[in-house]
Amino acid sequence: MSVFERFKSFLHRGKLDVQARFDLLREAVTGSMSSFYVARDRQSDQVVGLKILDPQKTDQFESRFTGLGKPSEGEISSKFSHPNIVSTLEYGLTNKDEPYLVMEYLNGDDLNRLMLSQSQRLKKFRLILLRQMAEALATVHDLNFIHRDICPRNFICLEQGRSLKLIDFGLSVPATEEFTRPGNRTGTVNYMAPEIIRRRTTDQRVDIFALGVTAYQLLTFELPWPTHDMTGQAALLHDTQKPIDILLHRPHLSPRLAKLVTACLEADPARRPQTVTEFLRGLRGVSDEEG
């Protein structure tokens, strides 16, 4: 039995005693709703990522969908099997009633950190990474989910920047009518589509908008709407001002690529690429040198 199969066999076996099962090697990240650890699993001797969610904050978020049968983060993330999506190996509750997920350990940097430092590594592989982002998101959409938090910090870069993986399905919901009604105003401000901030009906095209902002930033190391305001007010610019022309930052960028990324940033969802598959088709014929 493979390591992944052994992990999968632990699903739903009862509540987890974290201290008995894992050596916590270090706390890697503390987020707004969870803590993330690098841990060694004593049962398999494998180093893994261990995410422990704050039960109160998780309940507060999930309460928005009471009675709708929303799957948990673990249930959603465990459905994906793709080389550009982190593998969820196990999920459940700890003996302290905290939701947890065990994931493959990704030894890399988040894309946001590399962008802020304007890493030379990214300049070599921009088009490769952009295709991988889109392929990961296409898988999420093909299984009828909306990620709802596509942004650079939710991509981990590996192999010296040659590849990446999509992480964090904490805000993800099924792409069905009951989960796309107005009012679910969640996400990362600079990547929020106007329909989220304006509390309108949403669909998978909110992820295409966020992918466009992320692509723009990957290609230029700048945001299309520069702002130091990290509140919801910043996202109000997304349908009241045009984004800065990407060619002002990168005059020699492929015009085809510039047009594609700009289309993702349209305030009207009907004017964006309608699917990630359409976005990927638009990338065909753009060479790595043109990115």
# chains A, B, ... in the order shown; residues from 1 in each chain; ligands from 1
$ residues_around --residues "Arg199 (chain A)" --least-positions-apart "4" --cutoff "10 Å" --atoms "only C-alpha atoms" --output "PyMOL selection string"
chain A and resi 181-185+194-195
$ select_by_dssp --residues "region 234-268 of chain A" --states "helix (DSSP H, G or I)" --output "ChimeraX atom specification"
/A:234-239,246-249,255-264
$ write_last_selection --atoms "N, CA and C atoms" --output "PDB file, in the first residue's frame"
ATOM      1  N   ALA A 234     -11.010  49.079  -1.202  1.00  0.00           N
ATOM      2  CA  ALA A 234     -10.093  48.952  -2.340  1.00  0.00           C
ATOM      3  C   ALA A 234     -10.771  48.259  -3.508  1.00  0.00           C
ATOM      4  N   ALA A 235     -11.593  47.266  -3.216  1.00  0.00           N
ATOM      5  CA  ALA A 235     -12.238  46.499  -4.283  1.00  0.00           C
ATOM      6  C   ALA A 235     -13.303  47.308  -5.006  1.00  0.00           C
ATOM      7  N   LEU A 236     -13.737  48.443  -4.431  1.00  0.00           N
ATOM      8  CA  LEU A 236     -14.713  49.286  -5.115  1.00  0.00           C
ATOM      9  C   LEU A 236     -14.130  49.900  -6.386  1.00  0.00           C
ATOM     10  N   LEU A 237     -12.798  49.951  -6.465  1.00  0.00           N
ATOM     11  CA  LEU A 237     -12.160  50.464  -7.675  1.00  0.00           C
ATOM     12  C   LEU A 237     -12.363  49.543  -8.871  1.00  0.00           C
ATOM     13  N   HIS A 238     -12.668  48.285  -8.597  1.00  0.00           N
ATOM     14  CA  HIS A 238     -12.659  47.282  -9.657  1.00  0.00           C
ATOM     15  C   HIS A 238     -13.779  47.445 -10.672  1.00  0.00           C
ATOM     16  N   ASP A 239     -14.780  48.241 -10.350  1.00  0.00           N
ATOM     17  CA  ASP A 239     -15.776  48.543 -11.375  1.00  0.00           C
ATOM     18  C   ASP A 239     -16.050  50.035 -11.510  1.00  0.00           C
ATOM     19  N   ILE A 246      -1.697  47.118 -18.899  1.00  0.00           N
ATOM     20  CA  ILE A 246      -0.583  46.235 -18.577  1.00  0.00           C
ATOM     21  C   ILE A 246       0.632  46.524 -19.454  1.00  0.00           C
ATOM     22  N   LEU A 247       0.405  47.062 -20.669  1.00  0.00           N
ATOM     23  CA  LEU A 247       1.511  47.356 -21.579  1.00  0.00           C
ATOM     24  C   LEU A 247       2.319  48.576 -21.138  1.00  0.00           C
ATOM     25  N   LEU A 248       1.787  49.374 -20.226  1.00  0.00           N
ATOM     26  CA  LEU A 248       2.585  50.465 -19.663  1.00  0.00           C
ATOM     27  C   LEU A 248       3.692  49.912 -18.771  1.00  0.00           C
ATOM     28  N   HIS A 249       3.418  48.774 -18.133  1.00  0.00           N
ATOM     29  CA  HIS A 249       4.434  48.119 -17.315  1.00  0.00           C
ATOM     30  C   HIS A 249       5.359  47.249 -18.153  1.00  0.00           C
ATOM     31  N   PRO A 255       0.934  41.153 -27.284  1.00  0.00           N
ATOM     32  CA  PRO A 255      -0.377  41.821 -27.304  1.00  0.00           C
ATOM     33  C   PRO A 255      -1.529  40.844 -27.059  1.00  0.00           C
ATOM     34  N   ARG A 256      -1.379  39.609 -27.541  1.00  0.00           N
ATOM     35  CA  ARG A 256      -2.422  38.608 -27.335  1.00  0.00           C
ATOM     36  C   ARG A 256      -2.570  38.284 -25.841  1.00  0.00           C
ATOM     37  N   LEU A 257      -1.436  38.152 -25.157  1.00  0.00           N
ATOM     38  CA  LEU A 257      -1.479  37.863 -23.727  1.00  0.00           C
ATOM     39  C   LEU A 257      -2.021  39.061 -22.949  1.00  0.00           C
ATOM     40  N   ALA A 258      -1.600  40.261 -23.337  1.00  0.00           N
ATOM     41  CA  ALA A 258      -2.094  41.470 -22.679  1.00  0.00           C
ATOM     42  C   ALA A 258      -3.611  41.579 -22.802  1.00  0.00           C
ATOM     43  N   LYS A 259      -4.128  41.290 -23.989  1.00  0.00           N
ATOM     44  CA  LYS A 259      -5.578  41.358 -24.216  1.00  0.00           C
ATOM     45  C   LYS A 259      -6.310  40.311 -23.377  1.00  0.00           C
ATOM     46  N   LEU A 260      -5.750  39.113 -23.278  1.00  0.00           N
ATOM     47  CA  LEU A 260      -6.381  38.031 -22.524  1.00  0.00           C
ATOM     48  C   LEU A 260      -6.461  38.368 -21.042  1.00  0.00           C
ATOM     49  N   VAL A 261      -5.362  38.834 -20.468  1.00  0.00           N
ATOM     50  CA  VAL A 261      -5.348  39.171 -19.048  1.00  0.00           C
ATOM     51  C   VAL A 261      -6.290  40.337 -18.769  1.00  0.00           C
ATOM     52  N   THR A 262      -6.272  41.329 -19.641  1.00  0.00           N
ATOM     53  CA  THR A 262      -7.154  42.491 -19.456  1.00  0.00           C
ATOM     54  C   THR A 262      -8.617  42.082 -19.515  1.00  0.00           C
ATOM     55  N   ALA A 263      -8.948  41.142 -20.374  1.00  0.00           N
ATOM     56  CA  ALA A 263     -10.333  40.674 -20.479  1.00  0.00           C
ATOM     57  C   ALA A 263     -10.806  40.039 -19.170  1.00  0.00           C
ATOM     58  N   CYS A 264      -9.911  39.375 -18.465  1.00  0.00           N
ATOM     59  CA  CYS A 264     -10.291  38.761 -17.178  1.00  0.00           C
ATOM     60  C   CYS A 264     -10.688  39.811 -16.144  1.00  0.00           C
TER      61      CYS A 264
END
$ atom_distance --atom1 "CA of Ile146 (chain A)" --atom2 "CA of Glu222 (chain A)"
25.3 Å
$ residues_around --residues "region 161-170 of chain A" --least-positions-apart "5" --cutoff "6 Å" --atoms "only C-alpha atoms" --output "list of chain:residue names"
A:Glu73, A:Asn84, A:Ile85, A:Val86, A:Arg121, A:Phe125, A:Asn154, A:Phe155, A:Ile156
$ write_last_selection --atoms "C-alpha atoms" --output "compact mmCIF listing (two decimals), in the first residue's frame"
# COMPACT_ATOMS: atom_id res chain seq x y z
CA GLU A 73 -12.95 22.21 3.47
CA ASN A 84 -0.89 21.49 -9.60
CA ILE A 85 -3.22 21.11 -6.59
CA VAL A 86 -2.02 20.19 -3.11
CA ARG A 121 13.12 32.99 -10.77
CA PHE A 125 8.91 30.75 -15.85
CA ASN A 154 -2.60 30.50 -2.32
CA PHE A 155 -0.07 29.19 -4.83
CA ILE A 156 3.10 27.52 -3.56
$ residues_around --residues "Arg42 (chain A)" --least-positions-apart "2" --cutoff "8 Å" --atoms "only C-alpha atoms" --output "PDB file with C-alpha atoms, in the first residue's frame"
ATOM      1  CA  ARG A  21       0.110  11.119  16.305  1.00  0.00           C
ATOM      2  CA  PHE A  22       2.453  13.904  15.202  1.00  0.00           C
ATOM      3  CA  ASP A  23       5.776  15.493  16.036  1.00  0.00           C
ATOM      4  CA  ARG A  40       6.143  14.241  11.150  1.00  0.00           C
ATOM      5  CA  SER A  44       4.138   6.662   8.465  1.00  0.00           C
ATOM      6  CA  ASP A  45       7.353   8.569   9.307  1.00  0.00           C
ATOM      7  CA  GLN A  46       6.365  11.053   6.596  1.00  0.00           C
TER       8      GLN A  46
END
$ atom_distance --atom1 "CA of Asn144 (chain A)" --atom2 "CA of Phe179 (chain A)"
11.5 Å
$ residues_around --residues "Ser172 (chain A)" --least-positions-apart "6" --cutoff "8 Å" --atoms "only C-alpha atoms" --output "tab-separated table (two decimals) with N, CA and C atoms, in the first residue's frame"
chain	number	residue	atom	x	y	z
A	73	GLU	N	-14.19	21.99	4.21
A	73	GLU	CA	-12.95	22.21	3.47
A	73	GLU	C	-12.26	20.88	3.15
A	76	ILE	N	-14.07	19.01	0.37
A	76	ILE	CA	-13.85	19.62	-0.94
A	76	ILE	C	-12.43	19.33	-1.43
A	145	PHE	N	-16.92	23.41	-8.43
A	145	PHE	CA	-16.68	24.23	-7.25
A	145	PHE	C	-16.19	25.61	-7.69
A	146	ILE	N	-16.33	26.57	-6.78
A	146	ILE	CA	-15.73	27.90	-6.91
A	146	ILE	C	-14.69	28.01	-5.81
A	147	HIS	N	-13.46	28.35	-6.16
A	147	HIS	CA	-12.41	28.44	-5.14
A	147	HIS	C	-12.65	29.64	-4.23
A	148	ARG	N	-12.91	30.78	-4.80
A	148	ARG	CA	-13.26	32.03	-4.13
A	148	ARG	C	-12.09	32.73	-3.44
A	149	ASP	N	-10.90	32.19	-3.51
A	149	ASP	CA	-9.76	32.92	-2.94
A	149	ASP	C	-8.50	32.69	-3.78
$ closest_residue --among "A:Arg200, A:His82, A:Arg131, A:Arg126" --to "Arg284 (chain A)" --atoms "only C-alpha atoms"
A:Arg131
